[in-house]
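Undergrad: Pasting input21.txt here (compact mmCIF, N, CA and C atoms):
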# COMPACT_ATOMS: atom_id res chain seq x y z
N VAL A 853 -79.04 76.46 -27.16
CA VAL A 853 -78.43 75.54 -28.11
C VAL A 853 -77.32 74.76 -27.43
N GLN A 854 -77.34 73.46 -27.61
CA GLN A 854 -76.25 72.61 -27.12
C GLN A 854 -75.54 72.01 -28.32
N LEU A 855 -74.22 71.97 -28.24
CA LEU A 855 -73.41 71.51 -29.36
C LEU A 855 -72.61 70.28 -28.95
N GLN A 856 -72.52 69.33 -29.86
CA GLN A 856 -71.78 68.10 -29.62
C GLN A 856 -70.85 67.86 -30.80
N ALA A 857 -69.55 67.98 -30.56
CA ALA A 857 -68.56 67.77 -31.60
C ALA A 857 -68.10 66.31 -31.62
N SER A 858 -67.81 65.82 -32.80
CA SER A 858 -67.32 64.45 -32.95
C SER A 858 -66.48 64.34 -34.22
N GLY A 859 -65.82 63.20 -34.37
CA GLY A 859 -65.09 62.93 -35.60
C GLY A 859 -63.58 63.04 -35.50
N GLY A 860 -63.08 63.44 -34.35
CA GLY A 860 -61.64 63.54 -34.20
C GLY A 860 -60.98 62.17 -34.18
N GLY A 861 -59.66 62.19 -34.24
CA GLY A 861 -58.93 60.94 -34.22
C GLY A 861 -57.48 61.14 -34.58
N LEU A 862 -56.81 60.03 -34.83
CA LEU A 862 -55.40 60.02 -35.21
C LEU A 862 -55.30 59.80 -36.71
N VAL A 863 -54.54 60.65 -37.38
CA VAL A 863 -54.40 60.55 -38.82
C VAL A 863 -52.96 60.88 -39.20
N GLN A 864 -52.50 60.32 -40.28
CA GLN A 864 -51.14 60.58 -40.74
C GLN A 864 -51.07 61.89 -41.51
N VAL A 865 -49.89 62.43 -41.60
CA VAL A 865 -49.67 63.65 -42.38
C VAL A 865 -50.20 63.44 -43.80
N GLY A 866 -50.92 64.44 -44.27
CA GLY A 866 -51.49 64.37 -45.60
C GLY A 866 -52.86 63.73 -45.65
N GLY A 867 -53.30 63.20 -44.53
CA GLY A 867 -54.60 62.55 -44.48
C GLY A 867 -55.75 63.52 -44.31
N SER A 868 -56.94 62.94 -44.16
CA SER A 868 -58.15 63.74 -44.06
C SER A 868 -59.01 63.27 -42.89
N LEU A 869 -59.80 64.20 -42.39
CA LEU A 869 -60.80 63.91 -41.36
C LEU A 869 -61.98 64.84 -41.57
N ARG A 870 -63.14 64.41 -41.16
CA ARG A 870 -64.30 65.29 -41.15
C ARG A 870 -64.85 65.35 -39.74
N LEU A 871 -64.90 66.55 -39.21
CA LEU A 871 -65.50 66.77 -37.91
C LEU A 871 -66.95 67.19 -38.08
N SER A 872 -67.77 66.76 -37.14
CA SER A 872 -69.19 67.12 -37.13
C SER A 872 -69.53 67.82 -35.82
N CYS A 873 -70.49 68.71 -35.91
CA CYS A 873 -70.98 69.41 -34.73
C CYS A 873 -72.50 69.37 -34.80
N ALA A 874 -73.11 68.55 -33.95
CA ALA A 874 -74.55 68.40 -33.93
C ALA A 874 -75.14 69.35 -32.89
N ALA A 875 -76.17 70.07 -33.30
CA ALA A 875 -76.80 71.06 -32.42
C ALA A 875 -78.20 70.61 -32.02
N SER A 876 -78.52 70.85 -30.78
CA SER A 876 -79.88 70.63 -30.33
C SER A 876 -80.57 71.98 -30.20
N GLY A 877 -81.87 71.98 -30.18
CA GLY A 877 -82.58 73.24 -30.10
C GLY A 877 -83.20 73.62 -31.43
N ARG A 878 -84.03 74.62 -31.38
CA ARG A 878 -84.75 75.01 -32.59
C ARG A 878 -84.05 76.12 -33.34
N ALA A 879 -84.42 76.23 -34.58
CA ALA A 879 -83.97 77.35 -35.41
C ALA A 879 -82.45 77.48 -35.47
N PHE A 880 -81.78 76.37 -35.63
CA PHE A 880 -80.32 76.42 -35.71
C PHE A 880 -79.87 77.23 -36.91
N TRP A 881 -80.73 77.34 -37.91
CA TRP A 881 -80.37 78.09 -39.11
C TRP A 881 -80.14 79.58 -38.81
N ARG A 882 -80.59 80.02 -37.65
CA ARG A 882 -80.38 81.40 -37.25
C ARG A 882 -79.00 81.66 -36.66
N TYR A 883 -78.24 80.60 -36.44
CA TYR A 883 -76.98 80.73 -35.73
C TYR A 883 -75.79 80.65 -36.68
N ALA A 884 -74.92 81.64 -36.60
CA ALA A 884 -73.63 81.49 -37.23
C ALA A 884 -72.85 80.44 -36.43
N ALA A 885 -72.00 79.69 -37.09
CA ALA A 885 -71.24 78.64 -36.42
C ALA A 885 -69.78 78.71 -36.81
N GLY A 886 -68.95 78.28 -35.90
CA GLY A 886 -67.51 78.32 -36.17
C GLY A 886 -66.79 77.13 -35.56
N TRP A 887 -65.60 76.90 -36.07
CA TRP A 887 -64.69 75.92 -35.50
C TRP A 887 -63.44 76.65 -35.00
N PHE A 888 -63.02 76.26 -33.83
CA PHE A 888 -61.80 76.79 -33.23
C PHE A 888 -60.95 75.61 -32.80
N ARG A 889 -59.68 75.85 -32.52
CA ARG A 889 -58.82 74.78 -32.04
C ARG A 889 -57.85 75.31 -31.01
N GLN A 890 -57.40 74.39 -30.17
CA GLN A 890 -56.45 74.76 -29.14
C GLN A 890 -55.42 73.66 -28.98
N ALA A 891 -54.17 74.01 -29.25
CA ALA A 891 -53.06 73.10 -29.07
C ALA A 891 -52.50 73.26 -27.65
N PRO A 892 -51.81 72.24 -27.14
CA PRO A 892 -51.26 72.34 -25.79
C PRO A 892 -50.36 73.56 -25.63
N GLY A 893 -50.61 74.32 -24.57
CA GLY A 893 -49.79 75.49 -24.29
C GLY A 893 -50.08 76.70 -25.14
N LYS A 894 -51.10 76.62 -25.98
CA LYS A 894 -51.43 77.74 -26.87
C LYS A 894 -52.84 78.22 -26.62
N GLU A 895 -53.12 79.42 -27.07
CA GLU A 895 -54.46 79.96 -26.96
C GLU A 895 -55.38 79.33 -28.01
N ARG A 896 -56.65 79.39 -27.71
CA ARG A 896 -57.63 78.90 -28.67
C ARG A 896 -57.62 79.82 -29.89
N GLU A 897 -57.61 79.22 -31.08
CA GLU A 897 -57.54 80.02 -32.29
C GLU A 897 -58.66 79.65 -33.25
N PHE A 898 -59.01 80.63 -34.05
CA PHE A 898 -60.07 80.48 -35.03
C PHE A 898 -59.61 79.58 -36.18
N VAL A 899 -60.55 78.77 -36.67
CA VAL A 899 -60.28 77.91 -37.81
C VAL A 899 -61.17 78.30 -39.00
N ALA A 900 -62.47 78.26 -38.81
CA ALA A 900 -63.40 78.54 -39.90
C ALA A 900 -64.76 78.89 -39.33
N ALA A 901 -65.56 79.59 -40.12
CA ALA A 901 -66.91 79.95 -39.70
C ALA A 901 -67.85 79.93 -40.89
N ILE A 902 -69.14 79.80 -40.58
CA ILE A 902 -70.15 79.77 -41.63
C ILE A 902 -71.39 80.48 -41.11
N SER A 903 -72.04 81.23 -41.97
CA SER A 903 -73.24 81.95 -41.58
C SER A 903 -74.41 80.97 -41.41
N GLY A 904 -75.49 81.46 -40.84
CA GLY A 904 -76.62 80.60 -40.54
C GLY A 904 -77.21 79.90 -41.75
N GLY A 905 -77.28 80.64 -42.84
CA GLY A 905 -77.83 80.05 -44.06
C GLY A 905 -76.81 79.30 -44.89
N GLY A 906 -75.56 79.42 -44.51
CA GLY A 906 -74.49 78.72 -45.22
C GLY A 906 -73.90 79.47 -46.40
N GLY A 907 -74.41 80.66 -46.66
CA GLY A 907 -73.95 81.37 -47.84
C GLY A 907 -72.67 82.15 -47.67
N SER A 908 -72.21 82.27 -46.46
CA SER A 908 -71.00 83.03 -46.18
C SER A 908 -70.07 82.18 -45.33
N THR A 909 -68.82 82.08 -45.77
CA THR A 909 -67.83 81.32 -45.02
C THR A 909 -66.56 82.15 -44.87
N TYR A 910 -65.77 81.78 -43.89
CA TYR A 910 -64.52 82.51 -43.62
C TYR A 910 -63.53 81.53 -43.01
N TYR A 911 -62.26 81.66 -43.41
CA TYR A 911 -61.24 80.72 -42.97
C TYR A 911 -60.01 81.45 -42.43
N ALA A 912 -59.36 80.82 -41.49
CA ALA A 912 -58.04 81.28 -41.08
C ALA A 912 -57.07 81.01 -42.22
N ASP A 913 -56.08 81.87 -42.37
CA ASP A 913 -55.11 81.70 -43.45
C ASP A 913 -54.40 80.35 -43.37
N SER A 914 -54.21 79.85 -42.16
CA SER A 914 -53.46 78.61 -41.97
C SER A 914 -54.19 77.39 -42.50
N VAL A 915 -55.49 77.47 -42.72
CA VAL A 915 -56.25 76.32 -43.20
C VAL A 915 -56.90 76.56 -44.55
N LYS A 916 -56.80 77.77 -45.06
CA LYS A 916 -57.45 78.10 -46.33
C LYS A 916 -56.94 77.20 -47.43
N GLY A 917 -57.86 76.64 -48.19
CA GLY A 917 -57.50 75.73 -49.27
C GLY A 917 -57.39 74.29 -48.84
N ARG A 918 -57.35 74.04 -47.54
CA ARG A 918 -57.24 72.66 -47.04
C ARG A 918 -58.51 72.23 -46.28
N PHE A 919 -59.15 73.18 -45.62
CA PHE A 919 -60.35 72.88 -44.83
C PHE A 919 -61.56 73.48 -45.52
N THR A 920 -62.69 72.79 -45.38
CA THR A 920 -63.96 73.29 -45.92
C THR A 920 -65.04 73.16 -44.86
N ILE A 921 -65.66 74.27 -44.53
CA ILE A 921 -66.76 74.25 -43.56
C ILE A 921 -68.08 74.22 -44.32
N SER A 922 -69.03 73.48 -43.79
CA SER A 922 -70.35 73.39 -44.41
C SER A 922 -71.38 73.11 -43.32
N ARG A 923 -72.63 73.16 -43.68
CA ARG A 923 -73.68 72.87 -42.70
C ARG A 923 -74.89 72.29 -43.41
N ASP A 924 -75.62 71.48 -42.66
CA ASP A 924 -76.88 70.92 -43.12
C ASP A 924 -77.91 71.29 -42.06
N ASN A 925 -78.66 72.34 -42.31
CA ASN A 925 -79.59 72.82 -41.29
C ASN A 925 -80.77 71.87 -41.08
N ALA A 926 -81.05 71.04 -42.05
CA ALA A 926 -82.10 70.03 -41.86
C ALA A 926 -81.67 69.01 -40.81
N LYS A 927 -80.37 68.83 -40.67
CA LYS A 927 -79.83 67.90 -39.69
C LYS A 927 -79.23 68.62 -38.48
N ASN A 928 -79.34 69.93 -38.47
CA ASN A 928 -78.77 70.72 -37.36
C ASN A 928 -77.31 70.40 -37.12
N THR A 929 -76.55 70.30 -38.19
CA THR A 929 -75.16 69.88 -38.09
C THR A 929 -74.25 70.76 -38.93
N VAL A 930 -73.10 71.08 -38.35
CA VAL A 930 -72.05 71.80 -39.05
C VAL A 930 -70.86 70.87 -39.19
N TYR A 931 -70.20 70.94 -40.31
CA TYR A 931 -69.05 70.07 -40.59
C TYR A 931 -67.81 70.91 -40.91
N VAL A 932 -66.67 70.29 -40.70
CA VAL A 932 -65.45 70.82 -41.29
C VAL A 932 -64.68 69.63 -41.87
N GLN A 933 -64.50 69.67 -43.17
CA GLN A 933 -63.72 68.66 -43.87
C GLN A 933 -62.27 69.13 -43.88
N MET A 934 -61.39 68.35 -43.31
CA MET A 934 -59.98 68.72 -43.21
C MET A 934 -59.15 67.79 -44.09
N SER A 935 -58.37 68.37 -44.97
CA SER A 935 -57.55 67.61 -45.89
C SER A 935 -56.11 68.10 -45.81
N SER A 936 -55.21 67.30 -46.39
CA SER A 936 -53.78 67.66 -46.38
C SER A 936 -53.33 68.06 -44.98
N LEU A 937 -53.68 67.25 -44.03
CA LEU A 937 -53.40 67.58 -42.64
C LEU A 937 -51.91 67.60 -42.35
N LYS A 938 -51.54 68.52 -41.47
CA LYS A 938 -50.14 68.72 -41.08
C LYS A 938 -50.00 68.50 -39.57
N PRO A 939 -48.80 68.22 -39.11
CA PRO A 939 -48.62 68.06 -37.65
C PRO A 939 -49.10 69.28 -36.86
N GLU A 940 -48.95 70.46 -37.43
CA GLU A 940 -49.37 71.68 -36.72
C GLU A 940 -50.88 71.83 -36.63
N ASP A 941 -51.63 70.94 -37.28
CA ASP A 941 -53.08 70.93 -37.14
C ASP A 941 -53.52 70.16 -35.89
N THR A 942 -52.58 69.51 -35.24
CA THR A 942 -52.89 68.77 -34.02
C THR A 942 -53.40 69.70 -32.94
N ALA A 943 -54.57 69.40 -32.42
CA ALA A 943 -55.21 70.27 -31.42
C ALA A 943 -56.53 69.64 -31.00
N VAL A 944 -57.11 70.22 -29.96
CA VAL A 944 -58.50 69.93 -29.63
C VAL A 944 -59.35 70.92 -30.42
N TYR A 945 -60.31 70.40 -31.15
CA TYR A 945 -61.17 71.23 -32.00
C TYR A 945 -62.52 71.42 -31.32
N TYR A 946 -62.98 72.66 -31.31
CA TYR A 946 -64.24 73.03 -30.69
C TYR A 946 -65.16 73.67 -31.72
N CYS A 947 -66.44 73.34 -31.62
CA CYS A 947 -67.41 74.07 -32.43
C CYS A 947 -68.12 75.09 -31.54
N ALA A 948 -68.59 76.14 -32.16
CA ALA A 948 -69.24 77.23 -31.44
C ALA A 948 -70.35 77.81 -32.30
N ALA A 949 -71.28 78.47 -31.63
CA ALA A 949 -72.40 79.07 -32.36
C ALA A 949 -72.80 80.39 -31.72
N ASP A 950 -73.32 81.26 -32.54
CA ASP A 950 -73.79 82.55 -32.05
C ASP A 950 -75.06 82.93 -32.80
N ALA A 951 -76.00 83.47 -32.06
CA ALA A 951 -77.31 83.79 -32.65
C ALA A 951 -77.28 85.13 -33.36
N ARG A 952 -76.57 85.18 -34.45
CA ARG A 952 -76.60 86.38 -35.27
C ARG A 952 -76.80 85.97 -36.72
N GLN A 953 -77.49 86.83 -37.43
CA GLN A 953 -77.85 86.51 -38.81
C GLN A 953 -77.09 87.39 -39.78
N GLY A 954 -77.22 87.06 -41.02
CA GLY A 954 -76.56 87.84 -42.04
C GLY A 954 -75.18 87.29 -42.35
N PRO A 955 -74.48 87.95 -43.25
CA PRO A 955 -73.15 87.47 -43.64
C PRO A 955 -72.14 87.63 -42.51
N LEU A 956 -71.10 86.83 -42.59
CA LEU A 956 -70.03 86.93 -41.60
C LEU A 956 -69.28 88.25 -41.80
N GLU A 957 -68.74 88.76 -40.73
CA GLU A 957 -67.95 89.99 -40.81
C GLU A 957 -66.61 89.75 -40.13
N THR A 958 -65.57 90.20 -40.77
CA THR A 958 -64.22 89.95 -40.26
C THR A 958 -64.00 90.57 -38.90
N LYS A 959 -64.77 91.59 -38.57
CA LYS A 959 -64.54 92.27 -37.29
C LYS A 959 -64.94 91.42 -36.10
N TRP A 960 -65.72 90.35 -36.32
CA TRP A 960 -66.11 89.52 -35.17
C TRP A 960 -65.97 88.03 -35.41
N VAL A 961 -65.85 87.58 -36.62
CA VAL A 961 -65.98 86.16 -36.94
C VAL A 961 -64.94 85.30 -36.22
N ALA A 962 -63.76 85.82 -35.98
CA ALA A 962 -62.69 85.03 -35.38
C ALA A 962 -62.53 85.28 -33.88
N ASP A 963 -63.44 86.04 -33.31
CA ASP A 963 -63.35 86.44 -31.90
C ASP A 963 -64.07 85.41 -31.03
N THR A 964 -63.33 84.73 -30.16
CA THR A 964 -63.95 83.69 -29.32
C THR A 964 -65.01 84.26 -28.39
N THR A 965 -64.88 85.51 -28.00
CA THR A 965 -65.83 86.08 -27.05
C THR A 965 -67.19 86.37 -27.66
N VAL A 966 -67.27 86.33 -28.97
CA VAL A 966 -68.53 86.59 -29.67
C VAL A 966 -69.48 85.40 -29.56
N TYR A 967 -68.94 84.22 -29.53
CA TYR A 967 -69.75 83.01 -29.59
C TYR A 967 -70.30 82.64 -28.22
N ASP A 968 -71.60 82.49 -28.14
CA ASP A 968 -72.26 82.23 -26.86
C ASP A 968 -72.33 80.75 -26.50
N TYR A 969 -72.26 79.90 -27.50
CA TYR A 969 -72.47 78.47 -27.27
C TYR A 969 -71.25 77.70 -27.77
N TRP A 970 -70.81 76.76 -26.93
CA TRP A 970 -69.63 75.97 -27.26
C TRP A 970 -69.90 74.50 -27.01
N GLY A 971 -69.35 73.66 -27.89
CA GLY A 971 -69.38 72.24 -27.66
C GLY A 971 -68.14 71.78 -26.92
N GLN A 972 -68.15 70.52 -26.52
CA GLN A 972 -66.94 69.96 -25.95
C GLN A 972 -65.95 69.74 -27.09
N GLY A 973 -64.73 69.61 -26.81
CA GLY A 973 -63.74 69.46 -27.86
C GLY A 973 -63.62 68.03 -28.35
N THR A 974 -63.03 67.90 -29.53
CA THR A 974 -62.69 66.60 -30.07
C THR A 974 -61.23 66.66 -30.52
N GLN A 975 -60.46 65.66 -30.12
CA GLN A 975 -59.01 65.68 -30.34
C GLN A 975 -58.68 65.24 -31.76
N VAL A 976 -57.84 66.03 -32.40
CA VAL A 976 -57.29 65.67 -33.70
C VAL A 976 -55.78 65.60 -33.54
N THR A 977 -55.21 64.46 -33.90
CA THR A 977 -53.76 64.27 -33.81
C THR A 977 -53.24 63.86 -35.17
N VAL A 978 -52.29 64.62 -35.68
CA VAL A 978 -51.71 64.34 -36.98
C VAL A 978 -50.28 63.86 -36.74
N SER A 979 -50.02 62.63 -37.12
CA SER A 979 -48.70 62.05 -36.88
C SER A 979 -47.84 62.11 -38.12
N SER A 980 -46.56 62.35 -37.90
CA SER A 980 -45.62 62.44 -39.03
C SER A 980 -44.86 61.13 -39.20
Since I need it in another form, could you write the structure as structure tokens?
TA:
Amino acid sequence: VQLQASGGGLVQVGGSLRLSCAASGRAFWRYAAGWFRQAPGKEREFVAAISGGGGSTYYADSVKGRFTISRDNAKNTVYVQMSSLKPEDTAVYYCAADARQGPLETKWVADTTVYDYWGQGTQVTVSS
């Protein structure tokens, strides 16, 4: 599976952006997918994840209520709709996928080492 992230840009505080992650390869519906982000000088951190079928989602506390992850398996694409953006949301955002099925589990969903496939990052900058 190859992943291509897009949709980043410059947005003002309180604004919105939608990031997309397009996947190549077959049977993308079998892959759990996640979004992570990395700010300058910081470690990569978990943002949100969604199960292969889309029925299970999980969010970092810092984005809960503001971000929504979704997927369209017919288009092999995962999205994250970001609203009420804050300066601390500024980071390079990465999408990732892992070939595991079933509901998400907290013991692995936020672990970067679990995900086998990564896209290139897309920059999100929130200006105040």
Undergrad: Return as lines of an AutoDock Vina configuration file the box centre and box size in Å, one decimal, for an axis-aligned box around all listed atoms of stretch 938-941 of chain A padded by 5 Å per side.
TA:
center_x = -51.1
center_y = 69.9
center_z = -38.7
size_x = 14.9
size_y = 13.8
size_z = 15.6
Undergrad: Extract, using all atoms listed in the file, all DNA, RNA and protein residues at most 8 Å from stretch 870-885 of chain A, discarding same-chain residues fewer than 2 positions from it, and format them as an MDAnalysis selection string.
TA: chainID A and resid 853:860 868 887:888 900:906 924:935 946:954 956 967 971
Undergrad: Expressed in Å to a single decimal, how great is the separation between atom C of A:Asp941 and atom N of A:Glu957?
TA: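 Going from atom C of A:Asp941 over to atom N of A:Glu957, I get 24.5 Å.
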Undergrad: Could you jot down the atom CA of A:Lys938 to atom CA of A:Phe919 separation for me, Å, one decimal place?
TA: 11.6 Å
Undergrad: As an exercise, work out the distance from atom CA of A:Thr977 to atom CA of A:Arg889 in Å and give it to one decimal place.
TA: 11.8 Å
Undergrad: A:Val961, A:Val976, A:Leu869, A:Leu937: which is nearest A:Arg918, counting only C-alpha atoms?
TA: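 Checking each of A:Val961, A:Val976, A:Leu869, A:Leu937 against A:Arg918, counting only C-alpha atoms, the winner is A:Leu937.
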Undergrad: I'd like to know which residues of stretch 857-977 of chain A are helix (DSSP H, G or I) (by DSSP, run on the backbone); could you write them as a compact mmCIF listing (two decimals) with N, CA and C atoms, keeping the file's coordinate frame?
TA:
# COMPACT_ATOMS: atom_id res chain seq x y z
N PHE A 880 -81.78 76.37 -35.63
CA PHE A 880 -80.32 76.42 -35.71
C PHE A 880 -79.87 77.23 -36.91
N TRP A 881 -80.73 77.34 -37.91
CA TRP A 881 -80.37 78.09 -39.11
C TRP A 881 -80.14 79.58 -38.81
N ARG A 882 -80.59 80.02 -37.65
CA ARG A 882 -80.38 81.40 -37.25
C ARG A 882 -79.00 81.66 -36.66
N PRO A 939 -48.80 68.22 -39.11
CA PRO A 939 -48.62 68.06 -37.65
C PRO A 939 -49.10 69.28 -36.86
N GLU A 940 -48.95 70.46 -37.43
CA GLU A 940 -49.37 71.68 -36.72
C GLU A 940 -50.88 71.83 -36.63
N ASP A 941 -51.63 70.94 -37.28
CA ASP A 941 -53.08 70.93 -37.14
C ASP A 941 -53.52 70.16 -35.89
N THR A 964 -63.33 84.73 -30.16
CA THR A 964 -63.95 83.69 -29.32
C THR A 964 -65.01 84.26 -28.39
N THR A 965 -64.88 85.51 -28.00
CA THR A 965 -65.83 86.08 -27.05
C THR A 965 -67.19 86.37 -27.66
N VAL A 966 -67.27 86.33 -28.97
CA VAL A 966 -68.53 86.59 -29.67
C VAL A 966 -69.48 85.40 -29.56
Undergrad: Which residue out of A:Val899, A:Ala962, A:Val978, A:Val863 has the minimum interatomic distance to A:Glu940 when all atoms listed in the file are used?
TA: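 For A:Glu940, the nearest of the given residues is A:Val978.
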Undergrad: List every residue of chain A that DSSP, applied to the backbone, labels as strand (DSSP E), and write the result as a PyMOL selection string.
TA: chain A and resi 854-858+861-864+869-876+884-890+897-902+909-911+919-924+929-934+943-950+969-970+974-979
